[in-house]
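Q: Pasting query.cif below, which is mmCIF, C-alpha atoms (C1' of nucleotides).
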```cif
data_start
loop_
_atom_site.group_PDB
_atom_site.id
_atom_site.type_symbol
_atom_site.label_atom_id
_atom_site.label_comp_id
_atom_site.auth_asym_id
_atom_site.auth_seq_id
_atom_site.Cartn_x
_atom_site.Cartn_y
_atom_site.Cartn_z
ATOM 1 C CA MET A 1 19.968 -8.542 23.824
ATOM 2 C CA GLN A 2 19.465 -9.875 20.319
ATOM 3 C CA ILE A 3 16.855 -8.925 17.800
ATOM 4 C CA GLY A 4 14.477 -11.755 18.650
ATOM 5 C CA GLN A 5 14.369 -10.808 22.291
ATOM 6 C CA LEU A 6 13.847 -7.158 21.528
ATOM 7 C CA ALA A 7 11.126 -8.051 19.076
ATOM 8 C CA LYS A 8 9.300 -10.107 21.661
ATOM 9 C CA LEU A 9 9.487 -7.385 24.268
ATOM 10 C CA ALA A 10 8.229 -4.763 21.843
ATOM 11 C CA GLN A 11 5.534 -6.959 20.346
ATOM 12 C CA VAL A 12 6.829 -6.679 16.824
ATOM 13 C CA THR A 13 8.702 -8.998 14.471
ATOM 14 C CA PRO A 14 12.430 -8.971 13.774
ATOM 15 C CA ARG A 15 11.574 -8.047 10.223
ATOM 16 C CA THR A 16 9.910 -4.898 11.472
ATOM 17 C CA ILE A 17 12.987 -3.957 13.469
ATOM 18 C CA ARG A 18 15.266 -4.451 10.484
ATOM 19 C CA TYR A 19 12.888 -2.444 8.381
ATOM 20 C CA TYR A 20 12.951 0.399 10.857
ATOM 21 C CA GLU A 21 16.728 0.234 10.805
ATOM 22 C CA SER A 22 16.693 0.607 7.046
ATOM 23 C CA LEU A 23 14.703 3.783 7.579
ATOM 24 C CA ASP A 24 17.179 5.028 10.170
ATOM 25 C CA LEU A 25 14.641 4.950 12.945
ATOM 26 C CA LEU A 26 16.619 2.637 15.160
ATOM 27 C CA HIS A 27 20.092 1.100 15.216
ATOM 28 C CA PRO A 28 21.761 -1.704 17.130
ATOM 29 C CA SER A 29 24.175 -0.518 19.788
ATOM 30 C CA GLU A 30 26.695 -3.064 18.682
ATOM 31 C CA ARG A 31 27.503 -5.237 15.735
ATOM 32 C CA GLU A 32 30.807 -6.969 15.366
ATOM 33 C CA GLY A 33 32.244 -10.137 13.913
ATOM 34 C CA SER A 34 29.221 -12.366 13.895
ATOM 35 C CA GLY A 35 26.974 -9.872 12.178
ATOM 36 C CA PHE A 36 24.335 -10.267 14.875
ATOM 37 C CA ARG A 37 22.580 -7.179 16.087
ATOM 38 C CA TYR A 38 22.749 -6.381 19.800
ATOM 39 C CA TYR A 39 20.505 -3.881 21.542
ATOM 40 C CA GLY A 40 20.185 -2.193 24.920
ATOM 41 C CA GLN A 41 17.164 -0.974 26.855
ATOM 42 C CA ASP A 42 17.183 2.329 25.014
ATOM 43 C CA ALA A 43 16.278 0.458 21.844
ATOM 44 C CA LEU A 44 13.180 -0.901 23.522
ATOM 45 C CA ALA A 45 12.131 2.573 24.583
ATOM 46 C CA ARG A 46 12.652 3.826 21.066
ATOM 47 C CA LEU A 47 10.648 1.007 19.579
ATOM 48 C CA LYS A 48 7.798 1.628 21.964
ATOM 49 C CA LYS A 49 7.809 5.302 21.120
ATOM 50 C CA ILE A 50 7.672 4.425 17.445
ATOM 51 C CA GLU A 51 4.700 2.125 17.915
ATOM 52 C CA TYR A 52 3.023 4.757 19.997
ATOM 53 C CA LEU A 53 3.381 7.356 17.285
ATOM 54 C CA LYS A 54 2.229 4.863 14.668
ATOM 55 C CA ASN A 55 -0.890 4.319 16.663
ATOM 56 C CA LEU A 56 -1.604 7.990 16.293
ATOM 57 C CA ASN A 57 -1.497 7.681 12.528
ATOM 58 C CA PHE A 58 1.969 9.026 12.022
ATOM 59 C CA SER A 59 3.758 7.560 9.026
ATOM 60 C CA LEU A 60 7.185 6.047 9.556
ATOM 61 C CA ASP A 61 8.504 8.904 7.519
ATOM 62 C CA GLU A 62 6.976 11.471 9.847
ATOM 63 C CA ILE A 63 8.182 9.505 12.808
ATOM 64 C CA GLY A 64 11.663 9.638 11.393
ATOM 65 C CA SER A 65 11.496 13.392 11.401
ATOM 66 C CA VAL A 66 10.570 13.673 15.060
ATOM 67 C CA ILE A 67 11.906 10.592 16.828
ATOM 68 C CA GLU A 68 15.250 12.231 17.406
ATOM 69 C CA LEU A 69 13.514 15.010 19.262
ATOM 70 C CA TYR A 70 12.547 12.568 21.934
ATOM 71 C CA PHE A 71 15.924 10.917 22.337
ATOM 72 C CA SER A 72 18.650 13.273 21.331
ATOM 73 C CA GLU A 73 20.041 14.464 24.607
ATOM 74 C CA SER A 74 21.413 17.742 23.515
ATOM 75 C CA SER A 75 21.514 20.048 20.585
ATOM 76 C CA ASN A 76 22.308 23.659 20.078
ATOM 77 C CA TYR A 77 20.100 26.634 20.730
ATOM 78 C CA LEU A 78 18.776 26.889 17.191
ATOM 79 C CA GLY A 79 18.166 23.156 17.098
ATOM 80 C CA LYS A 80 15.928 23.392 20.110
ATOM 81 C CA LEU A 81 13.983 26.246 18.625
ATOM 82 C CA LYS A 82 13.406 24.227 15.501
ATOM 83 C CA ILE A 83 12.240 21.275 17.527
ATOM 84 C CA ILE A 84 9.705 23.482 19.258
ATOM 85 C CA GLU A 85 8.501 24.698 15.897
ATOM 86 C CA ILE A 86 7.952 21.187 14.631
ATOM 87 C CA LEU A 87 6.193 20.176 17.800
ATOM 88 C CA GLN A 88 3.844 23.124 17.510
ATOM 89 C CA ALA A 89 3.035 22.186 13.958
ATOM 90 C CA HIS A 90 2.225 18.705 15.164
ATOM 91 C CA LEU A 91 0.072 20.147 17.890
ATOM 92 C CA LYS A 92 -1.899 22.044 15.315
ATOM 93 C CA GLU A 93 -2.416 18.966 13.203
ATOM 94 C CA VAL A 94 -3.593 16.979 16.174
ATOM 95 C CA ASP A 95 -5.948 19.740 17.232
ATOM 96 C CA GLU A 96 -7.531 19.822 13.819
ATOM 97 C CA LYS A 97 -7.950 16.088 13.790
ATOM 98 C CA ILE A 98 -9.588 16.170 17.192
ATOM 99 C CA ASP A 99 -11.920 18.901 16.040
ATOM 100 C CA SER A 100 -13.119 17.050 13.012
ATOM 101 C CA LEU A 101 -13.524 13.873 14.973
ATOM 102 C CA GLN A 102 -15.660 15.664 17.518
ATOM 103 C CA GLN A 103 -17.790 17.096 14.785
ATOM 104 C CA PHE A 104 -18.182 13.623 13.380
ATOM 105 C CA ARG A 105 -19.103 12.389 16.827
ATOM 106 C CA SER A 106 -21.959 14.857 17.001
ATOM 107 C CA GLU A 107 -23.175 13.680 13.655
ATOM 108 C CA ILE A 108 -23.249 10.097 14.772
ATOM 109 C CA ILE A 109 -25.183 10.983 17.893
ATOM 110 C CA LEU A 110 -27.655 12.913 15.815
ATOM 111 C CA GLN A 111 -28.097 9.955 13.517
ATOM 112 C CA ILE A 112 -28.664 7.648 16.442
ATOM 113 C CA ALA A 113 -31.287 9.983 17.859
ATOM 114 C CA LYS A 114 -33.051 10.141 14.526
ATOM 115 C CA MET A 115 -33.078 6.398 14.212
ATOM 116 C CA GLN A 116 -34.354 5.913 17.731
ATOM 117 C CA GLN A 117 -37.187 8.331 17.223
ATOM 118 C CA TRP A 118 -38.023 6.551 14.024
ATOM 119 C CA VAL A 119 -38.095 3.266 15.854
ATOM 120 C CA GLU A 120 -40.398 4.771 18.497
ATOM 121 C CA GLU A 121 -42.811 5.923 15.865
ATOM 122 C CA THR A 122 -42.739 2.651 14.000
ATOM 123 C CA ARG A 123 -43.052 0.511 17.124
ATOM 124 C CA ASN A 124 -46.839 0.502 17.177
ATOM 125 C CA SER A 125 -47.562 -0.051 13.522
ATOM 126 C CA MET B 1 -24.064 14.743 -15.454
ATOM 127 C CA GLN B 2 -21.154 12.637 -16.665
ATOM 128 C CA ILE B 3 -18.267 11.276 -14.718
ATOM 129 C CA GLY B 4 -15.898 14.103 -15.577
ATOM 130 C CA GLN B 5 -18.276 16.728 -14.313
ATOM 131 C CA LEU B 6 -18.971 14.829 -11.130
ATOM 132 C CA ALA B 7 -15.267 14.315 -10.608
ATOM 133 C CA LYS B 8 -14.599 18.020 -10.939
ATOM 134 C CA LEU B 9 -17.336 18.937 -8.499
ATOM 135 C CA ALA B 10 -16.139 16.433 -5.948
ATOM 136 C CA GLN B 11 -12.479 17.228 -6.383
ATOM 137 C CA VAL B 12 -11.507 13.709 -7.319
ATOM 138 C CA THR B 13 -10.542 11.968 -10.546
ATOM 139 C CA PRO B 14 -12.811 9.839 -12.730
ATOM 140 C CA ARG B 15 -10.569 6.920 -11.919
ATOM 141 C CA THR B 16 -11.406 7.352 -8.250
ATOM 142 C CA ILE B 17 -15.113 7.319 -9.004
ATOM 143 C CA ARG B 18 -14.837 4.151 -11.053
ATOM 144 C CA TYR B 19 -12.773 2.608 -8.325
ATOM 145 C CA TYR B 20 -15.419 3.432 -5.752
ATOM 146 C CA GLU B 21 -17.991 1.920 -8.029
ATOM 147 C CA SER B 22 -16.002 -1.291 -8.172
ATOM 148 C CA LEU B 23 -16.218 -1.330 -4.394
ATOM 149 C CA ASP B 24 -19.954 -0.756 -4.461
ATOM 150 C CA LEU B 25 -19.695 2.590 -2.757
ATOM 151 C CA LEU B 26 -21.393 4.520 -5.495
ATOM 152 C CA HIS B 27 -23.260 3.771 -8.713
ATOM 153 C CA PRO B 28 -24.365 5.785 -11.734
ATOM 154 C CA SER B 29 -28.081 6.450 -11.829
ATOM 155 C CA GLU B 30 -28.189 5.558 -15.463
ATOM 156 C CA ARG B 31 -26.182 3.687 -18.014
ATOM 157 C CA GLU B 32 -27.653 2.685 -21.326
ATOM 158 C CA GLY B 33 -26.521 2.171 -24.896
ATOM 159 C CA SER B 34 -23.448 4.323 -24.998
ATOM 160 C CA GLY B 35 -21.872 2.876 -21.920
ATOM 161 C CA PHE B 36 -21.337 6.317 -20.433
ATOM 162 C CA ARG B 37 -22.084 6.800 -16.757
ATOM 163 C CA TYR B 38 -24.638 9.432 -15.781
ATOM 164 C CA TYR B 39 -25.077 10.758 -12.256
ATOM 165 C CA GLY B 40 -27.449 12.961 -10.297
ATOM 166 C CA GLN B 41 -26.898 15.269 -7.334
ATOM 167 C CA ASP B 42 -27.233 12.405 -4.877
ATOM 168 C CA ALA B 43 -24.017 10.971 -6.276
ATOM 169 C CA LEU B 44 -22.213 14.167 -5.412
ATOM 170 C CA ALA B 45 -23.526 14.056 -1.868
ATOM 171 C CA ARG B 46 -22.403 10.465 -1.555
ATOM 172 C CA LEU B 47 -18.969 11.237 -2.882
ATOM 173 C CA LYS B 48 -18.552 14.093 -0.470
ATOM 174 C CA LYS B 49 -19.604 11.900 2.410
ATOM 175 C CA ILE B 50 -17.065 9.330 1.338
ATOM 176 C CA GLU B 51 -14.273 11.879 1.216
ATOM 177 C CA TYR B 52 -15.357 13.190 4.560
ATOM 178 C CA LEU B 53 -15.139 9.779 6.151
ATOM 179 C CA LYS B 54 -11.810 9.143 4.494
ATOM 180 C CA ASN B 55 -10.512 12.271 6.098
ATOM 181 C CA LEU B 56 -11.325 10.742 9.441
ATOM 182 C CA ASN B 57 -9.118 7.784 8.627
ATOM 183 C CA PHE B 58 -11.848 5.368 7.713
ATOM 184 C CA SER B 59 -10.827 2.814 5.120
ATOM 185 C CA LEU B 60 -12.921 2.453 1.995
ATOM 186 C CA ASP B 61 -13.898 -0.925 3.308
ATOM 187 C CA GLU B 62 -15.208 0.538 6.551
ATOM 188 C CA ILE B 63 -16.942 3.274 4.638
ATOM 189 C CA GLY B 64 -18.666 0.644 2.561
ATOM 190 C CA SER B 65 -20.140 -0.835 5.679
ATOM 191 C CA VAL B 66 -21.697 2.396 6.893
ATOM 192 C CA ILE B 67 -22.365 4.572 3.865
ATOM 193 C CA GLU B 68 -25.766 3.010 3.352
ATOM 194 C CA LEU B 69 -26.820 4.113 6.794
ATOM 195 C CA TYR B 70 -26.630 7.679 5.647
ATOM 196 C CA PHE B 71 -28.491 7.260 2.414
ATOM 197 C CA SER B 72 -30.858 4.354 2.671
ATOM 198 C CA GLU B 73 -34.212 5.951 3.148
ATOM 199 C CA SER B 74 -36.123 3.222 4.866
ATOM 200 C CA SER B 75 -35.831 -0.239 6.227
ATOM 201 C CA ASN B 76 -37.827 -2.418 8.532
ATOM 202 C CA TYR B 77 -37.953 -2.375 12.297
ATOM 203 C CA LEU B 78 -35.126 -4.849 12.792
ATOM 204 C CA GLY B 79 -33.069 -3.079 10.182
ATOM 205 C CA LYS B 80 -33.301 0.144 12.114
ATOM 206 C CA LEU B 81 -32.280 -1.541 15.316
ATOM 207 C CA LYS B 82 -29.247 -2.965 13.589
ATOM 208 C CA ILE B 83 -28.321 0.401 12.184
ATOM 209 C CA ILE B 84 -28.464 1.866 15.654
ATOM 210 C CA GLU B 85 -26.187 -0.880 16.861
ATOM 211 C CA ILE B 86 -23.636 -0.196 14.180
ATOM 212 C CA LEU B 87 -23.776 3.523 14.801
ATOM 213 C CA GLN B 88 -23.135 2.976 18.484
ATOM 214 C CA ALA B 89 -20.147 0.819 17.709
ATOM 215 C CA HIS B 90 -18.844 3.609 15.531
ATOM 216 C CA LEU B 91 -19.419 6.091 18.265
ATOM 217 C CA LYS B 92 -17.280 3.986 20.529
ATOM 218 C CA GLU B 93 -14.500 3.786 17.963
ATOM 219 C CA VAL B 94 -14.542 7.504 17.453
ATOM 220 C CA ASP B 95 -14.503 8.131 21.179
ATOM 221 C CA GLU B 96 -11.453 5.964 21.566
ATOM 222 C CA LYS B 97 -9.724 7.729 18.737
ATOM 223 C CA ILE B 98 -10.453 11.080 20.300
ATOM 224 C CA ASP B 99 -9.170 9.855 23.644
ATOM 225 C CA SER B 100 -5.833 8.715 22.319
ATOM 226 C CA LEU B 101 -5.433 11.881 20.331
ATOM 227 C CA GLN B 102 -6.094 13.973 23.395
ATOM 228 C CA GLN B 103 -3.581 11.988 25.357
ATOM 229 C CA PHE B 104 -1.086 12.538 22.604
ATOM 230 C CA ARG B 105 -1.905 16.210 22.635
ATOM 231 C CA SER B 106 -1.000 16.450 26.290
ATOM 232 C CA GLU B 107 2.303 14.791 25.585
ATOM 233 C CA ILE B 108 3.138 17.208 22.856
ATOM 234 C CA ILE B 109 2.386 20.123 25.104
ATOM 235 C CA LEU B 110 4.536 18.610 27.793
ATOM 236 C CA GLN B 111 7.372 18.184 25.338
ATOM 237 C CA ILE B 112 7.031 21.747 24.190
ATOM 238 C CA ALA B 113 7.179 22.963 27.762
ATOM 239 C CA LYS B 114 10.265 20.892 28.436
ATOM 240 C CA MET B 115 11.975 22.238 25.362
ATOM 241 C CA GLN B 116 11.084 25.813 26.194
ATOM 242 C CA GLN B 117 12.437 25.490 29.670
ATOM 243 C CA TRP B 118 15.577 24.002 28.243
ATOM 244 C CA VAL B 119 15.909 26.895 25.920
ATOM 245 C CA GLU B 120 15.454 29.312 28.793
ATOM 246 C CA GLU B 121 18.221 27.655 30.725
ATOM 247 C CA THR B 122 20.559 27.527 27.773
ATOM 248 C CA ARG B 123 19.866 31.068 26.635
ATOM 249 C CA ASN B 124 22.479 32.660 28.846
ATOM 250 C CA SER B 125 25.336 30.250 28.340
ATOM 251 C "C1'" DA C 1 -18.074 13.636 -43.036
ATOM 252 C "C1'" DA C 2 -14.401 14.684 -40.252
ATOM 253 C "C1'" DT C 3 -12.467 15.839 -36.065
ATOM 254 C "C1'" DC C 4 -11.851 16.482 -31.246
ATOM 255 C "C1'" DA C 5 -12.935 15.965 -26.508
ATOM 256 C "C1'" DA C 6 -14.819 12.867 -23.242
ATOM 257 C "C1'" DT C 7 -15.508 8.279 -22.029
ATOM 258 C "C1'" DC C 8 -14.865 3.246 -22.049
ATOM 259 C "C1'" DT C 9 -12.208 -1.188 -20.510
ATOM 260 C "C1'" DT C 10 -7.980 -3.515 -19.576
ATOM 261 C "C1'" DA C 11 -4.031 -3.841 -17.298
ATOM 262 C "C1'" DC C 12 0.358 -2.761 -15.529
ATOM 263 C "C1'" DG C 13 2.677 0.673 -12.119
ATOM 264 C "C1'" DT C 14 3.206 2.915 -7.345
ATOM 265 C "C1'" DT C 15 3.775 3.772 -2.216
ATOM 266 C "C1'" DA C 16 3.804 2.106 2.567
ATOM 267 C "C1'" DA C 17 4.784 -1.177 5.804
ATOM 268 C "C1'" DC C 18 5.846 -4.947 6.345
ATOM 269 C "C1'" DG C 19 5.288 -10.790 5.396
ATOM 270 C "C1'" DT C 20 7.530 -14.705 3.899
ATOM 271 C "C1'" DA C 21 10.531 -17.905 1.770
ATOM 272 C "C1'" DA C 22 15.296 -19.282 0.403
ATOM 273 C "C1'" DA C 23 19.938 -20.287 1.348
ATOM 274 C "C1'" DG C 24 23.248 -19.918 4.314
ATOM 275 C "C1'" DG C 25 26.233 -18.366 8.776
ATOM 276 C "C1'" DT C 26 26.608 -18.422 14.248
ATOM 277 C "C1'" DT C 27 26.016 -19.866 19.071
ATOM 278 C "C1'" DT C 28 25.035 -22.860 22.456
ATOM 279 C "C1'" DG C 29 24.210 -26.997 24.897
ATOM 280 C "C1'" DA C 30 24.385 -32.164 25.160
ATOM 281 C "C1'" DT D 1 31.178 -32.358 17.396
ATOM 282 C "C1'" DC D 2 27.033 -31.771 15.895
ATOM 283 C "C1'" DA D 3 22.248 -30.504 15.921
ATOM 284 C "C1'" DA D 4 18.782 -27.105 17.370
ATOM 285 C "C1'" DA D 5 17.778 -22.481 17.666
ATOM 286 C "C1'" DC D 6 18.799 -18.096 16.311
ATOM 287 C "C1'" DC D 7 20.671 -14.980 13.170
ATOM 288 C "C1'" DT D 8 22.093 -13.014 8.372
ATOM 289 C "C1'" DT D 9 20.975 -10.979 3.505
ATOM 290 C "C1'" DT D 10 18.364 -11.075 -0.713
ATOM 291 C "C1'" DA D 11 14.389 -10.720 -2.937
ATOM 292 C "C1'" DC D 12 9.810 -11.555 -4.313
ATOM 293 C "C1'" DG D 13 4.797 -11.141 -2.417
ATOM 294 C "C1'" DT D 14 0.798 -8.411 -0.318
ATOM 295 C "C1'" DT D 15 -2.881 -4.811 0.692
ATOM 296 C "C1'" DA D 16 -4.901 -0.246 -0.106
ATOM 297 C "C1'" DA D 17 -6.078 3.339 -2.952
ATOM 298 C "C1'" DC D 18 -5.580 4.878 -6.562
ATOM 299 C "C1'" DG D 19 -2.231 6.710 -11.124
ATOM 300 C "C1'" DT D 20 -1.371 6.151 -15.766
ATOM 301 C "C1'" DA D 21 -0.958 4.545 -20.363
ATOM 302 C "C1'" DA D 22 -3.040 2.083 -24.447
ATOM 303 C "C1'" DG D 23 -6.398 1.357 -27.714
ATOM 304 C "C1'" DA D 24 -11.095 1.600 -28.887
ATOM 305 C "C1'" DT D 25 -15.960 4.089 -28.640
ATOM 306 C "C1'" DT D 26 -19.114 7.785 -28.328
ATOM 307 C "C1'" DG D 27 -20.995 12.573 -28.413
ATOM 308 C "C1'" DA D 28 -20.662 17.085 -29.987
ATOM 309 C "C1'" DT D 29 -19.124 20.485 -33.219
ATOM 310 C "C1'" DT D 30 -17.804 22.257 -37.555
#
```
Just dump the structure as structure tokens.

A:
Amino acid sequence: MQIGQLAKLAQVTPRTIRYYESLDLLHPSEREGSGFRYYGQDALARLKKIEYLKNLNFSLDEIGSVIELYFSESSNYLGKLKIIEILQAHLKEVDEKIDSLQQFRSEIILQIAKMQQWVEETRNS
Amino acid sequence: MQIGQLAKLAQVTPRTIRYYESLDLLHPSEREGSGFRYYGQDALARLKKIEYLKNLNFSLDEIGSVIELYFSESSNYLGKLKIIEILQAHLKEVDEKIDSLQQFRSEIILQIAKMQQWVEETRNS
DNA sequence: AATCAATCTTACGTTAACGTAAAGGTTTGA
DNA sequence: TCAAACCTTTACGTTAACGTAAGATTGATT
């Protein structure tokens, strides 16, 4: 399929796809005479994975450093170990983010409770 | 205290403080003849709250819409009800963020497991 | 009085992640 | 064959959240 089709399926613009290509996140499977970019289903999967990671506040740069982990079929022993390392680092980051968000959540609930009590007290005045 | 002192205490630059002021997030308690900005302890608390919210991926714009809730001492009955509304909306946002992060966390763990198994299998070849 | 550090405003620069317009090539269907 | 629809590259524009430099004031110290 061409770039427009892929863009539609992935809910992004062609510009975005070309931009990702410039960052080495994604490449067309074929590109001959005409200069048109042609993609397969794998490209769609990659694009979706990218958007998914973006949604989790990963920068395109960070995504670039891990996207291969999800799609490279094989690598050597040491490569795999390194991938595990990176993934564990990411796990730690995510855990910390979850923690602080949960703490923030408690704060919000506390604030709401305070406000509600205040409203109760004020109600009859 | 002056802007430099406040900046040091809050671990930001004076430029950042002035920028926040331009966004109405924070104002000096005093500012007469000289043109110098003078702040009290409340400013430090506000700044820290701002940095805290930033850490949770809130934009300065979003922060502007909630910061008052934490520092405005009183308001009328309807005002309080509105504040509660806003806080509940925020709670929802935060909950959703936590959810997606937890989902992502599971995926990472899954990936790590996959990789480790792969390593196991490859180890003796 | 002189000097030096801190502050002031103004304004251009920077990074990320694209948007958008211009000017032109390609493919496809009538 | 020729026009519509899609594609190409090039390049300037945009938002957020400041950084940074310039030139002028102000406050504090000697």

Q: Go through the shown structure with the PyMOL selection byres ((chain B) within 10 of (chain C)) and write out the matching residues as a list in words.

A: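 So the PyMOL selection byres ((chain B) within 10 of (chain C)) ends up selecting Gln2, Ile3, Gly4, Pro14, Ser34, Gly35, Phe36 and Arg37 of chain B.
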
Q: How many Å lie between atom CA of A:Glu30 and atom CA of A:Val12, rounded to one decimal?

A: 20.3 Å

Q: Chain B superposed on chain A over all ordered C-alpha pairs, least squares: can you write that as a compact mmCIF listing (two decimals) with C-alpha atoms, in the coordinates of the input?

A:
```txt
# COMPACT_ATOMS: atom_id res chain seq x y z
CA MET B 1 19.71 -8.41 23.85
CA GLN B 2 19.21 -9.77 20.34
CA ILE B 3 16.60 -8.87 17.82
CA GLY B 4 14.27 -11.73 18.70
CA GLN B 5 14.15 -10.76 22.33
CA LEU B 6 13.57 -7.12 21.53
CA ALA B 7 10.86 -8.07 19.08
CA LYS B 8 9.07 -10.13 21.69
CA LEU B 9 9.22 -7.36 24.27
CA ALA B 10 7.92 -4.79 21.83
CA GLN B 11 5.26 -7.03 20.37
CA VAL B 12 6.55 -6.77 16.84
CA THR B 13 8.45 -9.08 14.50
CA PRO B 14 12.18 -9.01 13.79
CA ARG B 15 11.32 -8.12 10.23
CA THR B 16 9.61 -4.98 11.48
CA ILE B 17 12.68 -3.99 13.46
CA ARG B 18 14.96 -4.48 10.48
CA TYR B 19 12.55 -2.52 8.36
CA TYR B 20 12.60 0.35 10.82
CA GLU B 21 16.35 0.22 10.78
CA SER B 22 16.34 0.56 7.02
CA LEU B 23 14.32 3.72 7.54
CA ASP B 24 16.76 5.03 10.11
CA LEU B 25 14.23 4.93 12.89
CA LEU B 26 16.23 2.66 15.11
CA HIS B 27 19.71 1.16 15.19
CA PRO B 28 21.42 -1.63 17.12
CA SER B 29 23.83 -0.39 19.75
CA GLU B 30 26.37 -2.92 18.66
CA ARG B 31 27.19 -5.07 15.71
CA GLU B 32 30.56 -6.71 15.35
CA GLY B 33 32.03 -9.87 13.88
CA SER B 34 29.04 -12.14 13.89
CA GLY B 35 26.74 -9.74 12.17
CA PHE B 36 24.10 -10.16 14.85
CA ARG B 37 22.30 -7.07 16.09
CA TYR B 38 22.47 -6.26 19.79
CA TYR B 39 20.20 -3.77 21.52
CA GLY B 40 19.85 -2.07 24.89
CA GLN B 41 16.80 -0.85 26.80
CA ASP B 42 16.78 2.44 24.93
CA ALA B 43 15.91 0.52 21.78
CA LEU B 44 12.83 -0.85 23.47
CA ALA B 45 11.75 2.62 24.53
CA ARG B 46 12.24 3.85 20.99
CA LEU B 47 10.27 1.00 19.53
CA LYS B 48 7.41 1.61 21.91
CA LYS B 49 7.38 5.28 21.04
CA ILE B 50 7.26 4.38 17.38
CA GLU B 51 4.32 2.05 17.87
CA TYR B 52 2.61 4.68 19.94
CA LEU B 53 2.93 7.26 17.21
CA LYS B 54 1.79 4.76 14.62
CA ASN B 55 -1.32 4.23 16.63
CA LEU B 56 -2.06 7.90 16.22
CA ASN B 57 -1.94 7.51 12.46
CA PHE B 58 1.50 8.91 11.92
CA SER B 59 3.32 7.42 8.96
CA LEU B 60 6.75 5.94 9.49
CA ASP B 61 8.06 8.79 7.43
CA GLU B 62 6.51 11.37 9.74
CA ILE B 63 7.73 9.45 12.74
CA GLY B 64 11.22 9.58 11.32
CA SER B 65 11.06 13.33 11.30
CA VAL B 66 10.14 13.66 14.96
CA ILE B 67 11.48 10.61 16.77
CA GLU B 68 14.82 12.29 17.35
CA LEU B 69 13.12 15.07 19.24
CA TYR B 70 12.20 12.61 21.92
CA PHE B 71 15.55 10.96 22.26
CA SER B 72 18.26 13.36 21.25
CA GLU B 73 19.71 14.53 24.50
CA SER B 74 21.18 17.84 23.55
CA SER B 75 21.59 20.22 20.71
CA ASN B 76 22.56 23.82 20.32
CA TYR B 77 20.45 26.90 20.85
CA LEU B 78 19.18 27.10 17.29
CA GLY B 79 18.51 23.40 17.28
CA LYS B 80 16.24 23.74 20.26
CA LEU B 81 14.36 26.58 18.67
CA LYS B 82 13.79 24.47 15.60
CA ILE B 83 12.58 21.57 17.67
CA ILE B 84 10.08 23.84 19.34
CA GLU B 85 8.89 24.96 15.95
CA ILE B 86 8.36 21.43 14.76
CA LEU B 87 6.58 20.48 17.95
CA GLN B 88 4.22 23.40 17.56
CA ALA B 89 3.44 22.38 14.03
CA HIS B 90 2.64 18.93 15.32
CA LEU B 91 0.45 20.37 17.99
CA LYS B 92 -1.51 22.15 15.32
CA GLU B 93 -1.91 18.97 13.29
CA VAL B 94 -3.10 17.06 16.30
CA ASP B 95 -5.54 19.80 17.21
CA GLU B 96 -7.04 19.69 13.76
CA LYS B 97 -7.34 15.95 13.91
CA ILE B 98 -9.09 16.16 17.24
CA ASP B 99 -11.44 18.82 15.89
CA SER B 100 -12.56 16.79 12.92
CA LEU B 101 -12.99 13.72 15.06
CA GLN B 102 -15.14 15.63 17.49
CA GLN B 103 -17.25 16.95 14.67
CA PHE B 104 -17.64 13.44 13.40
CA ARG B 105 -18.58 12.32 16.87
CA SER B 106 -21.43 14.79 16.97
CA GLU B 107 -22.68 13.48 13.67
CA ILE B 108 -22.68 9.94 14.86
CA ILE B 109 -24.63 10.89 17.93
CA LEU B 110 -27.09 12.76 15.78
CA GLN B 111 -27.50 9.74 13.55
CA ILE B 112 -28.05 7.51 16.53
CA ALA B 113 -30.71 9.84 17.85
CA LYS B 114 -32.44 9.91 14.49
CA MET B 115 -32.42 6.15 14.27
CA GLN B 116 -33.73 5.75 17.79
CA GLN B 117 -36.56 8.11 17.16
CA TRP B 118 -37.35 6.22 14.01
CA VAL B 119 -37.42 3.03 15.92
CA GLU B 120 -39.75 4.56 18.48
CA GLU B 121 -42.14 5.61 15.78
CA THR B 122 -42.04 2.28 14.02
CA ARG B 123 -42.33 0.22 17.18
CA ASN B 124 -46.11 0.24 17.26
CA SER B 125 -46.85 -0.40 13.62
```

Q: Contacts of stretch 18-28 of chain B at 6 Å or less, counting all atoms listed in the file, minus same-chain residues fewer than 5 places along, as a short mmCIF file (atom, residue, chain, number, x, y, z; two decimals) with C-alpha atoms, keeping the file's coordinate frame?

A:
```
data_model
loop_
_atom_site.label_atom_id
_atom_site.label_comp_id
_atom_site.auth_asym_id
_atom_site.auth_seq_id
_atom_site.Cartn_x
_atom_site.Cartn_y
_atom_site.Cartn_z
CA ARG B 37 -22.08 6.80 -16.76
CA TYR B 38 -24.64 9.43 -15.78
CA TYR B 39 -25.08 10.76 -12.26
CA GLY B 64 -18.67 0.64 2.56
#
```

Q: Could you give me, as JSON lines, a per-residue list for chain D showing, wherever an atom lies at most 12 Å from an atom of chain B, the closest pair of atoms and their distance in Å to one decimal, using only C-alpha atoms (C1' of nucleotides) and sorting by chain then residue number from low to high?

A:
```
{"residue": "D:DT15", "atom": "C1'", "partner": "B:Ser59", "partner_atom": "CA", "distance": 11.9}
{"residue": "D:DA16", "atom": "C1'", "partner": "B:Ser59", "partner_atom": "CA", "distance": 8.5}
{"residue": "D:DA17", "atom": "C1'", "partner": "B:Leu60", "partner_atom": "CA", "distance": 8.5}
{"residue": "D:DC18", "atom": "C1'", "partner": "B:Thr16", "partner_atom": "CA", "distance": 6.6}
{"residue": "D:DG19", "atom": "C1'", "partner": "B:Arg15", "partner_atom": "CA", "distance": 8.4}
{"residue": "D:DT20", "atom": "C1'", "partner": "B:Arg15", "partner_atom": "CA", "distance": 10.0}
{"residue": "D:DT25", "atom": "C1'", "partner": "B:Ser34", "partner_atom": "CA", "distance": 8.3}
{"residue": "D:DT26", "atom": "C1'", "partner": "B:Ser34", "partner_atom": "CA", "distance": 6.5}
{"residue": "D:DG27", "atom": "C1'", "partner": "B:Ser34", "partner_atom": "CA", "distance": 9.3}
```
